[in-house]
Each structure stands twice: as C-alpha cells, then as structure tokens.
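Here is structure.csv, consisting of CSV, C-alpha atoms and all ligand atoms:
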chain,number,residue,atom,x,y,z
A,268,MET,CA,0.0,0.0,0.0
A,269,ASP,CA,3.0,2.2,0.5
A,270,ASP,CA,3.6,1.8,-3.2
A,271,LEU,CA,0.0,2.9,-3.9
A,272,ALA,CA,0.4,6.0,-1.7
A,273,SER,CA,3.6,7.0,-3.5
A,274,LEU,CA,2.1,6.3,-6.9
A,275,GLU,CA,-0.7,8.7,-6.0
A,276,ALA,CA,1.7,11.3,-4.7
A,277,ARG,CA,3.8,11.1,-7.8
A,278,SER,CA,0.8,11.3,-10.1
A,279,LEU,CA,-0.7,14.3,-8.3
A,280,ALA,CA,2.6,16.1,-8.2
A,281,ALA,CA,3.0,15.5,-12.0
A,282,ILE,CA,-0.5,16.9,-12.6
A,283,ALA,CA,0.1,19.9,-10.4
A,284,ALA,CA,3.4,20.6,-12.2
A,285,ALA,CA,1.9,20.3,-15.7
A,286,GLY,CA,2.4,23.8,-17.3
A,287,ASP,CA,0.3,23.2,-20.4
A,288,GLU,CA,-2.1,20.8,-22.0
A,289,GLY,CA,0.6,18.6,-23.5
A,290,ALA,CA,2.3,18.1,-20.1
A,291,LEU,CA,-1.1,17.4,-18.5
A,292,GLU,CA,-1.9,14.7,-21.1
A,293,GLN,CA,1.5,13.1,-20.4
A,294,ALA,CA,0.7,13.0,-16.7
A,295,ARG,CA,-2.7,11.4,-17.5
A,296,LEU,CA,-1.1,8.7,-19.7
A,297,ASP,CA,1.6,8.0,-17.0
A,298,ALA,CA,-1.1,7.5,-14.4
A,299,LEU,CA,-4.2,6.2,-16.2
A,300,GLY,CA,-3.0,5.1,-19.7
A,301,LYS,CA,-2.9,1.5,-20.7
A,302,LYS,CA,0.7,1.3,-19.6
A,303,GLY,CA,0.2,3.7,-16.8
A,304,ALA,CA,1.0,3.2,-13.1
A,305,VAL,CA,-2.7,2.8,-12.0
A,306,SER,CA,-3.3,0.2,-14.8
A,307,ALA,CA,-0.2,-1.6,-13.7
A,308,ALA,CA,-1.4,-1.6,-10.1
A,309,LEU,CA,-4.8,-3.0,-11.2
A,310,ALA,CA,-3.0,-5.7,-13.1
A,311,THR,CA,-1.5,-7.0,-9.8
A,312,LEU,CA,-5.0,-7.8,-8.5
A,313,GLY,CA,-5.4,-11.0,-10.4
A,314,LYS,CA,-2.6,-12.6,-8.4
A,315,MET,CA,-4.2,-11.7,-5.0
A,316,ALA,CA,-6.3,-13.7,-2.7
A,317,PRO,CA,-10.0,-12.7,-2.9
A,318,ASP,CA,-10.0,-10.7,0.4
A,319,GLU,CA,-6.8,-9.0,-0.3
A,320,ARG,CA,-8.1,-8.2,-3.8
A,321,ARG,CA,-11.3,-6.5,-2.6
A,322,ALA,CA,-9.4,-4.2,-0.2
A,323,ALA,CA,-6.6,-3.5,-2.8
A,324,GLY,CA,-9.1,-3.0,-5.6
A,325,ALA,CA,-11.1,-0.5,-3.6
A,326,ALA,CA,-7.9,1.4,-2.7
A,327,ILE,CA,-6.6,1.5,-6.3
A,328,ASN,CA,-10.0,2.7,-7.6
A,329,ALA,CA,-10.1,5.4,-4.9
A,330,VAL,CA,-6.6,6.6,-6.1
A,331,LYS,CA,-7.9,6.4,-9.7
A,332,ASP,CA,-10.8,8.6,-8.8
A,333,ARG,CA,-8.7,11.2,-7.1
A,334,VAL,CA,-6.2,11.3,-9.9
A,335,THR,CA,-9.1,11.7,-12.4
A,336,GLU,CA,-10.5,14.6,-10.3
A,337,ALA,CA,-7.0,16.2,-10.1
A,338,LEU,CA,-6.7,16.0,-13.8
A,339,ALA,CA,-10.0,17.7,-14.4
A,340,ALA,CA,-9.2,20.4,-11.9
A,341,ARG,CA,-5.8,21.1,-13.4
A,342,LYS,CA,-7.3,21.2,-16.9
A,343,GLY,CA,-9.7,23.9,-15.8
A,344,GLU,CA,-6.9,25.9,-14.2
A,345,LEU,CA,-4.8,25.7,-17.3
A,346,LYS,CA,-7.7,26.8,-19.5
A,347,SER,CA,-8.4,29.9,-17.4
A,348,ALA,CA,-4.7,30.8,-17.2
A,349,ALA,CA,-4.5,30.6,-21.0
A,350,LEU,CA,-7.5,32.8,-21.3
A,351,SER,CA,-6.1,35.4,-18.9
A,352,ALA,CA,-2.8,35.4,-20.8
A,353,ARG,CA,-4.6,35.9,-24.1
A,354,LEU,CA,-6.7,38.8,-22.7
A,355,ALA,CA,-3.5,40.4,-21.3
A,356,ARG,CA,-1.8,40.0,-24.7
A,357,GLU,CA,-4.7,41.5,-26.7
A,358,THR,CA,-5.6,44.5,-24.6
A,359,ILE,CA,-5.5,47.9,-26.2
A,360,ASP,CA,-4.3,50.7,-23.9
A,361,VAL,CA,-6.8,53.4,-24.7
A,362,THR,CA,-4.9,55.8,-22.5
A,363,LEU,CA,-2.1,56.1,-25.1
A,364,PRO,CA,-1.8,59.6,-26.6
A,365,VAL,CA,-3.6,59.9,-29.9
A,366,ARG,CA,-1.5,61.4,-32.8
A,367,PRO,CA,-2.9,64.7,-34.0
A,368,SER,CA,-4.9,64.4,-37.1
A,369,PRO,CA,-3.6,66.0,-40.4
A,370,ALA,CA,-6.2,68.7,-40.0
A,371,GLU,CA,-4.6,69.6,-36.6
A,372,ALA,CA,-1.0,69.3,-37.7
A,373,GLY,CA,-1.2,71.2,-41.0
A,374,ARG,CA,-1.4,74.9,-41.3
A,375,VAL,CA,-3.2,77.3,-43.7
A,376,HIS,CA,-0.7,79.6,-45.5
A,377,PRO,CA,-1.2,83.3,-44.5
A,378,ILE,CA,-1.8,84.1,-48.2
A,379,ALA,CA,-4.7,81.6,-48.4
A,380,GLN,CA,-6.0,82.9,-45.0
A,381,VAL,CA,-5.9,86.5,-46.1
A,382,THR,CA,-7.5,85.7,-49.4
A,383,ASP,CA,-10.3,84.0,-47.6
A,384,GLU,CA,-10.7,87.0,-45.3
A,385,ILE,CA,-10.8,89.4,-48.2
A,386,VAL,CA,-13.3,87.3,-50.2
A,387,SER,CA,-15.6,87.0,-47.1
A,388,ILE,CA,-15.6,90.7,-46.4
A,389,PHE,CA,-16.4,91.6,-50.0
A,390,ALA,CA,-19.0,88.8,-50.2
A,391,ASP,CA,-20.8,90.6,-47.4
A,392,MET,CA,-20.9,93.7,-49.5
A,393,GLY,CA,-22.5,91.8,-52.5
A,394,PHE,CA,-19.3,91.1,-54.5
A,395,SER,CA,-18.8,87.8,-56.3
A,396,VAL,CA,-15.5,86.2,-57.1
A,397,ALA,CA,-14.1,86.1,-60.7
A,398,GLU,CA,-11.0,84.3,-61.9
A,399,GLY,CA,-8.8,84.3,-65.0
A,400,PRO,CA,-5.7,82.4,-66.2
A,401,ASP,CA,-2.2,83.1,-65.1
A,402,VAL,CA,-1.0,82.9,-68.7
A,403,GLU,CA,-2.6,85.8,-70.4
A,404,THR,CA,-2.7,87.4,-73.8
A,405,ASP,CA,-1.0,90.8,-74.4
A,406,ASP,CA,-4.4,92.0,-75.5
A,407,TYR,CA,-6.1,91.3,-72.2
A,408,ASN,CA,-3.1,92.2,-70.0
A,409,PHE,CA,-2.3,95.5,-71.8
A,410,THR,CA,-4.1,96.5,-75.0
A,411,LYS,CA,-7.8,96.3,-73.9
A,412,LEU,CA,-6.7,98.0,-70.6
A,413,ASN,CA,-5.8,101.0,-72.7
A,414,PHE,CA,-2.0,100.6,-72.7
A,415,PRO,CA,-1.1,102.0,-76.1
A,416,VAL,CA,1.1,99.7,-78.2
A,417,GLY,CA,4.8,100.5,-77.4
A,418,HIS,CA,3.7,102.6,-74.3
A,419,PRO,CA,6.5,102.6,-71.7
A,420,ALA,CA,3.9,101.5,-69.0
A,421,ARG,CA,4.3,98.1,-70.5
A,422,GLU,CA,8.0,98.1,-69.7
A,423,MET,CA,7.2,99.4,-66.2
A,424,GLN,CA,5.6,96.1,-65.3
A,425,ASP,CA,8.7,94.0,-65.9
A,426,THR,CA,6.7,91.4,-67.8
A,427,PHE,CA,7.7,87.8,-68.3
A,428,PHE,CA,6.9,87.0,-71.9
A,429,PHE,CA,6.7,83.6,-73.6
A,430,ALA,CA,8.3,83.0,-77.0
A,431,PRO,CA,6.0,84.0,-79.9
A,432,ASP,CA,3.6,81.2,-81.1
A,433,ALA,CA,3.1,80.2,-84.8
A,434,LYS,CA,0.8,83.2,-85.3
A,435,GLY,CA,3.5,85.5,-83.9
A,436,GLU,CA,1.4,86.1,-80.7
A,437,ARG,CA,3.4,86.5,-77.5
A,438,LYS,CA,1.6,85.2,-74.4
A,439,LEU,CA,2.8,86.4,-71.0
A,440,LEU,CA,2.4,85.8,-67.3
A,441,ARG,CA,-0.2,88.3,-66.3
A,442,THR,CA,1.5,91.3,-64.5
A,443,HIS,CA,-1.7,92.2,-62.6
A,444,THR,CA,-5.2,90.9,-62.0
A,445,SER,CA,-6.7,93.7,-64.1
A,446,PRO,CA,-7.2,91.4,-67.2
A,447,VAL,CA,-9.9,89.6,-65.2
A,448,GLN,CA,-11.8,92.9,-65.4
A,449,VAL,CA,-11.7,92.6,-69.1
A,450,ARG,CA,-12.8,89.0,-69.1
A,451,THR,CA,-15.6,89.8,-66.7
A,452,MET,CA,-16.9,92.8,-68.8
A,453,LEU,CA,-16.7,90.7,-72.0
A,454,ALA,CA,-18.6,87.9,-70.4
A,455,LYS,CA,-21.5,89.7,-68.6
A,456,LYS,CA,-23.6,92.8,-68.7
A,457,PRO,CA,-23.7,95.4,-66.0
A,458,PRO,CA,-24.5,95.7,-63.1
A,459,ILE,CA,-21.1,94.1,-62.3
A,460,ARG,CA,-19.7,93.7,-58.9
A,461,VAL,CA,-16.7,91.4,-58.7
A,462,ILE,CA,-13.4,90.8,-56.9
A,463,CYS,CA,-10.6,88.9,-58.6
A,464,PRO,CA,-7.9,87.4,-56.4
A,465,GLY,CA,-5.0,85.6,-58.0
A,466,ARG,CA,-1.3,85.2,-58.7
A,467,VAL,CA,0.6,87.8,-60.7
A,468,TYR,CA,4.1,87.9,-62.0
A,469,ARG,CA,6.9,90.5,-62.4
A,470,SER,CA,10.6,90.3,-62.8
A,471,ASP,CA,11.5,91.7,-59.3
A,472,TRP,CA,13.2,90.3,-56.2
A,473,ASP,CA,13.9,92.0,-52.8
A,474,GLU,CA,12.5,92.1,-49.3
A,475,THR,CA,9.1,93.3,-50.5
A,476,HIS,CA,9.1,92.0,-54.0
A,477,THR,CA,9.0,88.4,-55.4
A,478,PRO,CA,8.6,87.4,-59.0
A,479,MET,CA,5.2,85.8,-58.2
A,480,PHE,CA,2.9,87.6,-55.8
A,481,HIS,CA,-0.9,88.0,-55.3
A,482,GLN,CA,-3.3,90.8,-56.0
A,483,VAL,CA,-7.0,91.3,-55.6
A,484,GLU,CA,-8.8,93.4,-58.1
A,485,GLY,CA,-12.2,95.0,-57.6
A,486,LEU,CA,-14.6,96.1,-60.3
A,487,VAL,CA,-18.0,97.7,-60.1
A,488,VAL,CA,-19.9,98.8,-63.2
A,489,ASP,CA,-23.4,100.1,-63.2
A,490,SER,CA,-25.2,103.3,-64.2
A,491,SER,CA,-24.1,105.4,-61.3
A,492,ALA,CA,-20.8,104.0,-59.7
A,493,ASN,CA,-18.7,106.9,-58.6
A,494,LEU,CA,-15.6,107.9,-56.5
A,495,GLY,CA,-17.8,108.3,-53.4
A,496,ASN,CA,-18.9,104.7,-53.7
A,497,LEU,CA,-15.3,103.7,-54.2
A,498,LYS,CA,-14.2,105.5,-51.1
A,499,TRP,CA,-17.0,104.0,-49.0
A,500,THR,CA,-16.3,100.5,-50.3
A,501,LEU,CA,-12.6,100.8,-49.5
A,502,GLU,CA,-13.2,102.2,-46.0
A,503,GLU,CA,-15.6,99.5,-45.1
A,504,PHE,CA,-13.2,96.9,-46.4
A,505,LEU,CA,-10.2,98.2,-44.5
A,506,LYS,CA,-12.1,98.6,-41.3
A,507,ALA,CA,-13.3,95.0,-41.5
A,508,PHE,CA,-9.9,93.7,-42.6
A,509,PHE,CA,-7.8,95.4,-40.0
A,510,GLU,CA,-10.5,95.0,-37.4
A,511,THR,CA,-10.6,98.7,-36.4
A,512,PRO,CA,-13.7,100.9,-35.9
A,513,LYS,CA,-12.2,103.7,-38.1
A,514,VAL,CA,-9.6,104.1,-40.8
A,515,GLY,CA,-8.1,107.3,-42.2
A,516,LEU,CA,-7.7,107.3,-46.0
A,517,ARG,CA,-5.8,109.7,-48.3
A,518,PHE,CA,-6.5,109.8,-52.0
A,519,ARG,CA,-3.6,110.9,-54.1
A,520,PRO,CA,-3.9,111.7,-57.8
A,521,SER,CA,-2.0,109.1,-59.9
A,522,PHE,CA,-1.8,107.5,-63.3
A,523,PHE,CA,-3.0,104.2,-64.6
A,524,PRO,CA,-3.8,103.7,-68.3
A,525,PHE,CA,-7.1,101.9,-67.4
A,526,THR,CA,-8.5,104.5,-65.0
A,527,GLU,CA,-9.4,108.2,-65.3
A,528,PRO,CA,-9.2,109.8,-62.9
A,529,SER,CA,-6.7,107.5,-61.2
A,530,VAL,CA,-6.0,107.6,-57.4
A,531,GLU,CA,-3.6,106.0,-55.1
A,532,VAL,CA,-4.9,105.3,-51.7
A,533,ASP,CA,-2.8,105.6,-48.5
A,534,VAL,CA,-4.0,104.4,-45.1
A,535,GLN,CA,-3.3,106.3,-41.9
A,536,CYS,CA,-1.2,104.4,-39.4
A,537,ARG,CA,1.1,104.7,-36.4
A,538,ARG,CA,4.2,102.5,-36.2
A,539,SER,CA,5.7,101.9,-32.8
A,540,GLY,CA,8.3,99.3,-32.3
A,541,GLY,CA,7.5,96.3,-34.5
A,542,GLU,CA,3.8,97.2,-34.3
A,543,ILE,CA,1.5,99.0,-36.7
A,544,ARG,CA,-1.9,100.5,-35.8
A,545,PHE,CA,-4.5,101.8,-38.2
A,546,GLY,CA,-7.0,104.6,-37.7
A,547,GLU,CA,-4.5,106.8,-35.8
A,548,GLY,CA,-1.0,108.3,-36.1
A,549,ASP,CA,0.9,110.5,-38.6
A,550,ASP,CA,2.2,107.9,-41.0
A,551,TRP,CA,0.6,107.1,-44.3
A,552,LEU,CA,1.0,103.8,-46.0
A,553,GLU,CA,0.3,103.3,-49.7
A,554,ILE,CA,-1.9,100.2,-50.1
A,555,LEU,CA,-3.7,100.3,-53.3
A,556,GLY,CA,-4.4,101.8,-56.7
A,557,SER,CA,-7.8,102.7,-58.0
A,558,GLY,CA,-9.9,105.0,-60.1
A,559,MET,CA,-12.9,105.3,-62.4
A,560,VAL,CA,-12.7,102.8,-65.2
A,561,HIS,CA,-11.4,104.6,-68.4
A,562,PRO,CA,-14.1,105.0,-71.0
A,563,ASN,CA,-11.8,103.4,-73.5
A,564,VAL,CA,-11.6,100.2,-71.4
A,565,LEU,CA,-15.4,100.1,-71.1
A,566,ARG,CA,-15.6,100.5,-74.9
A,567,ASN,CA,-12.9,97.8,-75.5
A,568,CYS,CA,-15.0,95.4,-73.5
A,569,GLY,CA,-18.4,96.1,-75.2
A,570,ILE,CA,-19.8,98.5,-72.6
A,571,ASP,CA,-21.2,101.9,-73.6
A,572,PRO,CA,-19.5,104.6,-71.5
A,573,ASP,CA,-22.4,106.9,-72.1
A,574,VAL,CA,-24.7,104.5,-70.3
A,575,HIS,CA,-22.5,102.8,-67.8
A,576,GLN,CA,-19.6,103.8,-65.6
A,577,GLY,CA,-17.5,102.0,-63.1
A,578,PHE,CA,-14.7,102.1,-60.5
A,579,ALA,CA,-11.9,99.7,-60.0
A,580,PHE,CA,-9.2,99.0,-57.5
A,581,GLY,CA,-6.2,96.7,-57.1
A,582,MET,CA,-4.2,95.8,-54.1
A,583,GLY,CA,-1.4,93.4,-53.1
A,584,ILE,CA,-2.7,90.5,-50.9
A,585,ASP,CA,0.8,89.7,-49.7
A,586,ARG,CA,1.4,93.2,-48.5
A,587,LEU,CA,-1.9,93.1,-46.7
A,588,ALA,CA,-0.9,89.8,-45.1
A,589,MET,CA,2.5,91.3,-44.0
A,590,LEU,CA,0.8,94.3,-42.5
A,591,LYS,CA,-1.9,92.4,-40.7
A,592,TYR,CA,0.2,89.4,-39.4
A,593,GLY,CA,3.6,91.0,-39.1
A,594,ALA,CA,5.8,88.9,-41.4
A,595,PRO,CA,8.8,91.1,-42.2
A,596,ASP,CA,10.2,89.6,-45.5
A,597,LEU,CA,7.9,88.7,-48.4
A,598,ARG,CA,10.4,86.2,-49.8
A,599,ASP,CA,9.8,83.9,-46.7
A,600,PHE,CA,6.2,83.5,-47.8
A,601,PHE,CA,7.3,81.4,-50.7
A,602,GLU,CA,10.3,79.5,-49.2
A,603,ALA,CA,8.1,76.5,-48.2
A,604,ASP,CA,9.8,76.4,-44.8
A,605,VAL,CA,7.6,74.4,-42.5
A,606,ARG,CA,9.0,76.1,-39.4
A,607,TRP,CA,7.9,79.5,-40.8
A,608,LEU,CA,4.5,78.1,-41.7
A,609,ARG,CA,4.1,76.6,-38.3
A,610,HIS,CA,4.7,80.1,-36.8
A,611,PHE,CA,2.8,82.3,-39.3
A,612,GLY,CA,0.2,79.7,-40.6
A,613,PHE,CA,-3.4,79.2,-39.4
A,614,ARG,CA,-5.3,76.2,-38.2
A,615,ALA,CA,-7.6,74.7,-40.8
A,616,LEU,CA,-10.8,75.2,-38.8
A,617,ASP,CA,-10.2,78.9,-38.0
A,618,VAL,CA,-12.9,81.1,-39.2
A,619,PRO,CA,-11.7,83.8,-41.6
A,620,GLY,CA,-11.7,87.1,-39.6
A,621,GLY,CA,-12.7,85.2,-36.5
A,622,GLU,CA,-11.1,85.2,-33.1
B,701,LIG,N1,-3.3,96.9,-61.9
B,701,LIG,C1,-2.6,97.8,-61.1
B,701,LIG,C2,-1.2,97.3,-60.7
B,701,LIG,O1,-1.0,96.1,-60.9
B,701,LIG,C3,-3.4,98.0,-59.8
B,701,LIG,C4,-4.6,98.8,-60.1
B,701,LIG,C5,-4.6,100.2,-60.1
B,701,LIG,C6,-5.8,98.1,-60.4
B,701,LIG,C7,-5.7,100.8,-60.3
B,701,LIG,C8,-6.9,98.8,-60.6
B,701,LIG,C9,-6.9,100.2,-60.6
B,701,LIG,O2,-8.1,98.2,-60.9
B,701,LIG,O3,-8.1,100.9,-60.8
B,701,LIG,O4,-0.4,97.9,-60.2
Could you render the structure as structure tokens?
Ligand code: DAH
Amino acid sequence: MDDLASLEARSLAAIAAAGDEGALEQARLDALGKKGAVSAALATLGKMAPDERRAAGAAINAVKDRVTEALAARKGELKSAALSARLARETIDVTLPVRPSPAEAGRVHPIAQVTDEIVSIFADMGFSVAEGPDVETDDYNFTKLNFPVGHPAREMQDTFFFAPDAKGERKLLRTHTSPVQVRTMLAKKPPIRVICPGRVYRSDWDETHTPMFHQVEGLVVDSSANLGNLKWTLEEFLKAFFETPKVGLRFRPSFFPFTEPSVEVDVQCRRSGGEIRFGEGDDWLEILGSGMVHPNVLRNCGIDPDVHQGFAFGMGIDRLAMLKYGAPDLRDFFEADVRWLRHFGFRALDVPGGE
C-alpha cells in the first residue's frame, strides 16, 4: 500500500506541475493510460487472494478517482490561465496619446488665409469672385486696358513674356489681376460687382518683391458708380480687414492707363516698435491703386461709357498679409519652410476674420 500512496503522490505532483495541456496529457497517460501506473497496479489484483483483492481494488479505484479529479481540476486551471494570458496580450491601452490628425497638424498659409478673409468681407458687400488664367494674352493684359502699343507703361511692369507662337502672338504671365476685369466685362452685362484674387508675375526680387505675388482686383460697373462709392467701399473693407472701428484714408492723384481719374490710396497708421496701428498716427502707408474705369476700357469690353460707368481698385494680398500678421520679409512667404509656416500659418478650422 506504500507503493500505492507514493504512486498517488507522484501522479498528483506531475499533474500539479503540468504547465500546459501537453504536459497534463502526459501526466494522465503516466497514471491512467494502458501502460500507466494505475493500470499496472490494477493488473496486480489477479494474483491476489479474494479478500486482499477486494481491499486493494477499492484502494486502487479510490486513487484512480482522485487522480481523475485532479486531472479535471488542473485542466480547468490551465484553461483559465490561457484565457487570462490571451486577454492580457490582446488588450488595447486606450490611455495612449492619440496622434494629432492631419487637420490639426497642418497649417493654412497666410496668403490663403488673407485671401479667404478678403473674399468673405467683399462677399458681405455683395461682390462675387471672378477668376482668370495666369498665362494671359498681351491684348487682355495690356491693350484692352488702354495701354497703347509701345507705351512705356508696358515696360514698367517687368513682364515675363513667352516665345511667340506660330501666329506671332506672345503670351505672357499676367502682370496684374486687371485682365480679369476685361474677361468679366466681356462675359457679362452690368451691373457688375466682382473681386478677382489671384497670382501675378513680375521680374522683381527684394525684401518686399517676389517674381510671383498676389493681387486682388475689384470692379463695379453700373449706371451710377462713382468715386464716393469707391471711397466707402474701401473704407468698409479696410475697417473690417484690420478690425478697427475707423480708418483714415488719403486719396492721391495718380496715373494708370485703365482708369481716369486714377487715385492711389494711403491708409493712416502709427508705427511703434514692430507694431503698426491703423486709424491713428501721422504715417501714411500706400496700399492700393484705384480709379474710375477709363471709357476706352469700357468700350474695348463692349460696354457703352455713355450708359455705364465703373470704378476699380487693385491691391497686393501679400502686402496686406504682411501688415496684418507682421511677417517682415515677403520672400519667406514662398520658401516653403515648414517652421515658418508653423509660426505664421493658421489652423484649418479657424474662421476667416474670427477670433
Ligand atoms: N493693376 C494695377 C497694378 O498692378 C493696380 C490697379 C490700379 C488696379 C488701379 C486697378 C486700378 O483696378 O483701378 O499695379
């Protein structure tokens, strides 16, 4: 019986030590398999006297029952340990920091931001947006705008010309957004009230000039548009754009071939330190060109100057961006330097003109 006790102890120890299902199965075979220890013990019964056999048989069967029970218990333990290990392996740590979405990480370029601001202010005043191509004809960029052929004003604009085509026509990169006026007047009848933002090109390069820059053109044509309307429109625009309750404007006589009279507009400001304030101070800053649309331009675009009249203005978007947001060198705007953009750029979901 000593043997039986140690057999039981060995089997139970092997079962308790089994670390996985394979080891447990081996322990089962060692104890209860055909060639296992318990089967071997049972095989000894045949040679026993009947009394001895009854007692031994009962003892061996009791061991068999306890070993079977231990096997089932251990199997259950191993199963739940395997489940816990799997759960631990497959957990997601929802407390890990989430990476910012592209919409959060990216920035809107100040030119795009300022263009949106300008468009939204003029949209509130009933203007719609018109666009034209960057590659323009000489006719739309100059001739229809009343630049006489060979006039020095053409040279003043430092034009980038393309090589002449088969018909001898020389296309160019538009030097201003004014050809969009021409395209608009040729395409629709007055009343016209449009703004035309876009890229323009001139051969120029220093702190405040780049070969590509941005302008916005304004054009109003109806039966009564006048300089008073122009002044009001510009004042309202500048107040909204610079977010000041008042602006001081100064109109200086000037010359553009496409306007008569032509005026250059200065805005009153005070510079202190790196800051600039509008609506106060003794400084005047030139910000745009404007005037009454020249009768020749109206005529060139199929509009009768005896019936309709108009005013127009053109200003540099980049310059407005520099003034409003304080970027000192225009060339940086187009360097595509992500550190600059992170500093001067805007978040995608900012509202134009909003806080
Ligand atoms: N086109 C002019 C320029 O590029 C700006 C300008 C001046 C536009 C007067 C106008 C205007 O519409 O009336 O310098």
>> Give me, as a list in words, all polymer residues having an atom no more than 7 Å from region 603-615 of chain A, counting all atoms listed in the file and skipping those fewer than 5 positions away in the same chain.
In response: Ala370, Glu371, Arg374, Val375, His376 and Pro377 of chain A
Residues at most 7 Å from ligand LIG 701 (chain B), using only C-alpha atoms and all ligand atoms? Could they come as a PDB file with C-alpha atoms, keeping the file's coordinate frame?
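Full text of pocket-v3.pdb as output:
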ATOM      1  CA  THR A 442       1.500  91.300 -64.500  1.00  0.00           C
ATOM      2  CA  HIS A 443      -1.700  92.200 -62.600  1.00  0.00           C
ATOM      3  CA  THR A 444      -5.200  90.900 -62.000  1.00  0.00           C
ATOM      4  CA  SER A 445      -6.700  93.700 -64.100  1.00  0.00           C
ATOM      5  CA  GLU A 484      -8.800  93.400 -58.100  1.00  0.00           C
ATOM      6  CA  GLY A 485     -12.200  95.000 -57.600  1.00  0.00           C
ATOM      7  CA  LEU A 486     -14.600  96.100 -60.300  1.00  0.00           C
ATOM      8  CA  PHE A 523      -3.000 104.200 -64.600  1.00  0.00           C
ATOM      9  CA  PHE A 525      -7.100 101.900 -67.400  1.00  0.00           C
ATOM     10  CA  THR A 526      -8.500 104.500 -65.000  1.00  0.00           C
ATOM     11  CA  SER A 529      -6.700 107.500 -61.200  1.00  0.00           C
ATOM     12  CA  LEU A 555      -3.700 100.300 -53.300  1.00  0.00           C
ATOM     13  CA  GLY A 556      -4.400 101.800 -56.700  1.00  0.00           C
ATOM     14  CA  SER A 557      -7.800 102.700 -58.000  1.00  0.00           C
ATOM     15  CA  GLY A 558      -9.900 105.000 -60.100  1.00  0.00           C
ATOM     16  CA  MET A 559     -12.900 105.300 -62.400  1.00  0.00           C
ATOM     17  CA  VAL A 560     -12.700 102.800 -65.200  1.00  0.00           C
ATOM     18  CA  PHE A 578     -14.700 102.100 -60.500  1.00  0.00           C
ATOM     19  CA  ALA A 579     -11.900  99.700 -60.000  1.00  0.00           C
ATOM     20  CA  PHE A 580      -9.200  99.000 -57.500  1.00  0.00           C
ATOM     21  CA  GLY A 581      -6.200  96.700 -57.100  1.00  0.00           C
ATOM     22  CA  MET A 582      -4.200  95.800 -54.100  1.00  0.00           C
TER      23      MET A 582
END
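Every protein, DNA or RNA residue with an atom at most 6 Å from Ile282 (chain A), where only C-alpha atoms count and chain neighbours fewer than 3 positions away do not, is listed here: A:Leu279, A:Ala285, A:Leu291, A:Ala294.
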> If we count all atoms listed in the file, what is near Ser273 (chain A) at a cut-off of 12 Å, once residues fewer than 2 positions away on the same chain are taken out, given as a PyMOL selection string?
Replying inline: chain A and resi 268-271+275-280+298+304-305+308+327+330
>> Quick one: residues within 12 Å of Arg566 (chain A), all atoms listed in the file, excluding same-chain residues fewer than 2 positions away - as a ChimeraX atom specification?
In response: /A:411-413,449,452-453,525,560-564,568-576
